[in-house]
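Undergrad: Below you'll find the structure I mean.
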Amino acid sequence: MNRRVDSNHAMLFAIELANRERLPVLFYEGLTCSYPFANDRLHTFVLEAVPDIARHLRELGIGYCFYLRRRHADPNDVLYRLAADAAAVVTDDYPTFVARGHNASVPAKLDIAYYAVDSSCIVPMASFAKREYAAYTIRPKIRRVLSEFLRPAPAPRVDLRWSGPAPQWHTQVTPGDIATLVASCEIDHSVPPSIAFRGGADEARRRLHVFLRDGLRRYARLKNEPSAHATSELSPYLHFGQISSLEVALAVQECAREERLIADEFLEELIVRRELAFNFTRFTDNYDSLAALPDWALKTMREHAADRRDPVYTAEQLECAQTYDELWNATQRELVLRGKIHGYYRMYWGKKIIQWSAGYDEALATMIRLHDRYALDGRDPCTYANILWCFGLHDRPWTERPIFGTIRYMSYEGMKRKTDVDAYVREIAALERP
């Protein structure tokens, strides 16, 4: 899940094990055609990072096997074939998507040690013994130990360089052949690559540099104004592990010191809110279900389940942005075109899906499906926590109203008062012009 070389604690632990045993390290990375909603957008973003990873690993003396499983008939057991010649397997401790299931099932199928290391959070998920109720309960616990973990990761150094050839399953990837490789895969070719995001650690650092230069000083004031472009736009890169939250946090801290800025609001989102989402999914089996909501939210939904919805849109109408609301249509088109919705408008996007769906379960399914298909930051702990926030997770009861009960409501009129809706709608409309 963390597809990078720098600030990768799982890889550093693997190197430590290898150096202790005087063995080389092999970095294995797979991309299969069989994950749900596999498509050109997601495949392209992953493949765009591969050439840089290969170069960096070669410089470090670490072996690399990138296996692109193009067809369902191709082998699906390469990890086990590689592990047959290994002393240990080190992987990511990650609470959602395929990694969660793999970490539960794979160790029993191996005859060697299997380690799962948290390279996603700054304060490791294992630092907490239970699910936290909200940001206000996890915040003091994170702050109490943050100085222990908010420090640069050591540079990777192997004692024994990889000297053999690449394993037979390795797929060579160059920037010029990515489109051809994607076209050769048995995946959904109807979702094209993002028009806004290109994958890879270099691109992630470029965006971080732009944010430090242009966005950080404006972030606290304009983070909820999508047309201002004051946010980091790093969520796709954090999701695919192409940059670490640790590297981002340290860079932001340094920039804030040098420029005499206050970065507290950004670090709150990057550390406290993001790691609250990891905590939620780690300690919740049904993290993609309404059953994971607090009791007050479940109670108010039961009380308002029969409330009249008008209009009710089908999932297909929502996917095609066919509603009466120009702002909501623009957010959905941004998701389809760019692969990401600005965080503040994504809240509104989700709230309106609740209002326009026949029931709460249908609304949840629609939100998850649209993220799975189009979002470059989907299938992430933050995805599930943010979607369920629309139903009351990590929130509190508000004034009672139809459909929502005491779940927080967001209106078009409120968005008009707080943000420049017209500027955003014009910007998204311009993306669709030839």
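Residue names in the structure tokens use chain letters A, B, ... in the order shown, residue numbers from 1 in each chain, and ligand numbers from 1 in the order shown.
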Enumerate as a PDB file with C-alpha atoms, in the first residue's frame all residues of range 42-282 of chain A assigned to strand (DSSP E or B) by DSSP on the backbone, naming them with the chain letters and numbers the document uses.

TA:
ATOM      1  CA  GLY A  63      16.188  -5.813  -6.075  1.00  0.00           C
ATOM      2  CA  TYR A  64      12.859  -5.001  -7.675  1.00  0.00           C
ATOM      3  CA  CYS A  65      10.012  -7.104  -8.993  1.00  0.00           C
ATOM      4  CA  PHE A  66       6.996  -5.269 -10.357  1.00  0.00           C
ATOM      5  CA  TYR A  67       4.414  -7.799 -11.436  1.00  0.00           C
ATOM      6  CA  LEU A  68       1.635  -6.579 -13.717  1.00  0.00           C
ATOM      7  CA  ARG A  69      -1.042  -9.254 -13.780  1.00  0.00           C
ATOM      8  CA  ALA A  88      11.014 -13.284   5.652  1.00  0.00           C
ATOM      9  CA  VAL A  89       8.210 -11.214   4.190  1.00  0.00           C
ATOM     10  CA  VAL A  90       7.650  -7.620   5.323  1.00  0.00           C
ATOM     11  CA  THR A  91       4.490  -5.804   4.240  1.00  0.00           C
ATOM     12  CA  ASP A  92       2.231  -2.886   5.165  1.00  0.00           C
ATOM     13  CA  ALA A 113       8.180 -14.974   9.217  1.00  0.00           C
ATOM     14  CA  TYR A 114       5.610 -12.400   8.086  1.00  0.00           C
ATOM     15  CA  TYR A 115       5.774  -8.861   9.431  1.00  0.00           C
ATOM     16  CA  ALA A 116       3.256  -6.052   8.925  1.00  0.00           C
ATOM     17  CA  VAL A 117       4.692  -2.591   9.586  1.00  0.00           C
ATOM     18  CA  ASP A 188     -12.453  -1.350 -17.332  1.00  0.00           C
TER      19      ASP A 188
END

Undergrad: Could you give me, as JSON lines, every range 323-410 of chain A residue with an atom at most 12 Å from range 124-144 of chain A, plus its closest atom pair and distance in Å to one decimal, counting only C-alpha atoms, rows ordered by chain then number?

TA:
{"residue": "A:Pro381", "atom": "CA", "partner": "A:Met125", "partner_atom": "CA", "distance": 12.0}
{"residue": "A:Ala385", "atom": "CA", "partner": "A:Ala134", "partner_atom": "CA", "distance": 10.7}
{"residue": "A:Trp389", "atom": "CA", "partner": "A:Ala134", "partner_atom": "CA", "distance": 10.5}
{"residue": "A:Gly392", "atom": "CA", "partner": "A:Ala134", "partner_atom": "CA", "distance": 10.8}
{"residue": "A:Leu393", "atom": "CA", "partner": "A:Ala134", "partner_atom": "CA", "distance": 8.0}
{"residue": "A:His394", "atom": "CA", "partner": "A:Ala134", "partner_atom": "CA", "distance": 4.6}
{"residue": "A:Asp395", "atom": "CA", "partner": "A:Ala134", "partner_atom": "CA", "distance": 7.1}
{"residue": "A:Arg396", "atom": "CA", "partner": "A:Ala134", "partner_atom": "CA", "distance": 9.4}

Undergrad: At a cut-off of 12 Å, can you tabulate as CSV every residue of range 197-300 of chain A near range 338-347 of chain A together with its closest atom pair and the distance in Å to one decimal, using only C-alpha atoms and ordering rows by chain then number?

TA:
residue,atom,partner,partner_atom,distance
A:Phe197,CA,A:Arg338,CA,7.0
A:Arg198,CA,A:Arg338,CA,10.4
A:Leu222,CA,A:Tyr344,CA,10.8
A:Lys223,CA,A:Tyr344,CA,8.1
A:Asn224,CA,A:Tyr344,CA,5.5
A:Glu225,CA,A:Tyr344,CA,7.8
A:Pro226,CA,A:His342,CA,6.1
A:Ser227,CA,A:His342,CA,9.4
A:Ala228,CA,A:His342,CA,10.8
A:His229,CA,A:His342,CA,9.1
A:Ala230,CA,A:His342,CA,10.4
A:Thr231,CA,A:His342,CA,8.6
A:Ser232,CA,A:His342,CA,10.5
A:Glu233,CA,A:His342,CA,8.5
A:Leu234,CA,A:Lys340,CA,10.4
A:Ser235,CA,A:Lys340,CA,8.6
A:Pro236,CA,A:Lys340,CA,8.0
A:Tyr237,CA,A:Lys340,CA,11.6
A:His239,CA,A:Lys340,CA,11.9
A:Glu269,CA,A:Gly343,CA,10.8

Undergrad: Taking 5 positions as the minimum chain separation for residues in the same chain, which residues sit within 10 Å of Thr96 in chain A when counting only C-alpha atoms? Answer as a ChimeraX atom specification.

TA: /A:1,101,278,281-282,285,287-288,379-381,384

Undergrad: Quick one: residues within 9 Å of Ser34 in chain A, only C-alpha atoms counted, chain neighbours fewer than 6 positions away excluded, as a ChimeraX atom specification?

TA: /A:69-72,186-187

Undergrad: Output C-alpha atoms for every residue in the selection just made, as an mmCIF file, in the first residue's frame.

TA:
data_model
loop_
_atom_site.group_PDB
_atom_site.id
_atom_site.type_symbol
_atom_site.label_atom_id
_atom_site.label_comp_id
_atom_site.auth_asym_id
_atom_site.auth_seq_id
_atom_site.Cartn_x
_atom_site.Cartn_y
_atom_site.Cartn_z
ATOM 1 C CA ARG A 69 -1.042 -9.254 -13.780
ATOM 2 C CA ARG A 70 -2.771 -8.343 -17.038
ATOM 3 C CA ARG A 71 -5.233 -11.207 -17.492
ATOM 4 C CA HIS A 72 -7.332 -13.176 -15.064
ATOM 5 C CA GLU A 186 -8.344 -6.996 -18.712
ATOM 6 C CA ILE A 187 -9.791 -4.005 -16.853
#

Undergrad: Work out how far CA of Arg3 in chain A is from CA of Gly241 in chain A, in Å to one decimal.

TA: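 CA of Gly241 in chain A sits 5.0 Å away from CA of Arg3 in chain A.
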
Undergrad: Interatomic distance between CA of Asn2 in chain A and CA of Ser119 in chain A?

TA: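 If I compute the distance from CA of Asn2 in chain A to CA of Ser119 in chain A, I get 6.9 Å.
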
Undergrad: I want to know what sits within 12 Å of Ala183 in chain A, based on only C-alpha atoms, with residues of the same chain fewer than 3 positions away left out; could you give that as a PDB file with C-alpha atoms, in the first residue's frame?

TA:
ATOM      1  CA  CYS A  33      -6.431  -6.854 -13.087  1.00  0.00           C
ATOM      2  CA  ASN A  39      -9.666   0.651 -14.586  1.00  0.00           C
ATOM      3  CA  ASP A  40      -7.347   2.780 -16.702  1.00  0.00           C
ATOM      4  CA  ARG A  41      -7.315   5.655 -14.209  1.00  0.00           C
ATOM      5  CA  HIS A  43      -3.727   1.499 -13.237  1.00  0.00           C
ATOM      6  CA  THR A  44      -2.147   4.491 -14.931  1.00  0.00           C
ATOM      7  CA  ARG A  70      -2.771  -8.343 -17.038  1.00  0.00           C
ATOM      8  CA  ARG A  71      -5.233 -11.207 -17.492  1.00  0.00           C
ATOM      9  CA  ASP A 177       4.898   2.338 -22.658  1.00  0.00           C
ATOM     10  CA  ILE A 178       2.424   2.944 -19.806  1.00  0.00           C
ATOM     11  CA  ALA A 179      -0.577   3.505 -22.076  1.00  0.00           C
ATOM     12  CA  THR A 180       0.217   0.313 -23.992  1.00  0.00           C
ATOM     13  CA  GLU A 186      -8.344  -6.996 -18.712  1.00  0.00           C
ATOM     14  CA  ILE A 187      -9.791  -4.005 -16.853  1.00  0.00           C
ATOM     15  CA  ASP A 188     -12.453  -1.350 -17.332  1.00  0.00           C
ATOM     16  CA  HIS A 189     -11.223   0.912 -20.143  1.00  0.00           C
ATOM     17  CA  SER A 190     -14.176   3.318 -19.883  1.00  0.00           C
ATOM     18  CA  VAL A 191     -12.640   5.350 -17.025  1.00  0.00           C
ATOM     19  CA  PRO A 192      -9.742   7.327 -18.527  1.00  0.00           C
ATOM     20  CA  PRO A 193      -6.706   8.616 -16.628  1.00  0.00           C
TER      21      PRO A 193
END

Undergrad: Do you know which residues are at most 10 Å from Tyr412 in chain A counting only C-alpha atoms, after dropping those on the same chain fewer than 6 positions away, and could you put them as a ChimeraX atom specification?

TA: /A:325-328,348,352,418,421

Undergrad: Quick one: residues within 10 Å of Ala86 in chain A, only C-alpha atoms, excluding same-chain residues fewer than 4 positions away - as number ranges by chain?

TA: A: 23-26, 80-82, 111-113

Undergrad: Using the chain letters and numbers from this document, which residues of range 143-265 of chain A does DSSP assign to alpha helix (DSSP H), as a ChimeraX atom specification?

TA: /A:143-149,178-183,201-210,216-222,235-239,245-259,264-265

Undergrad: Would you mind telling me which residue in A:Glu334, A:Val145, A:Arg157, A:Glu316 lies nearest to Ala14 in chain A when using only C-alpha atoms?

TA: A:Arg157

Undergrad: Taking only C-alpha atoms into account, which of A:Glu432, A:Asp118, A:Glu21, A:Glu258 comes nearest Ala330 in chain A?

TA: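 Selected residue with least distance to Ala330 in chain A: A:Glu432.
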
Undergrad: What's the separation between CA of Ala155 in chain A and CA of Ser7 in chain A, in Å to one decimal place?

TA: 8.0 Å
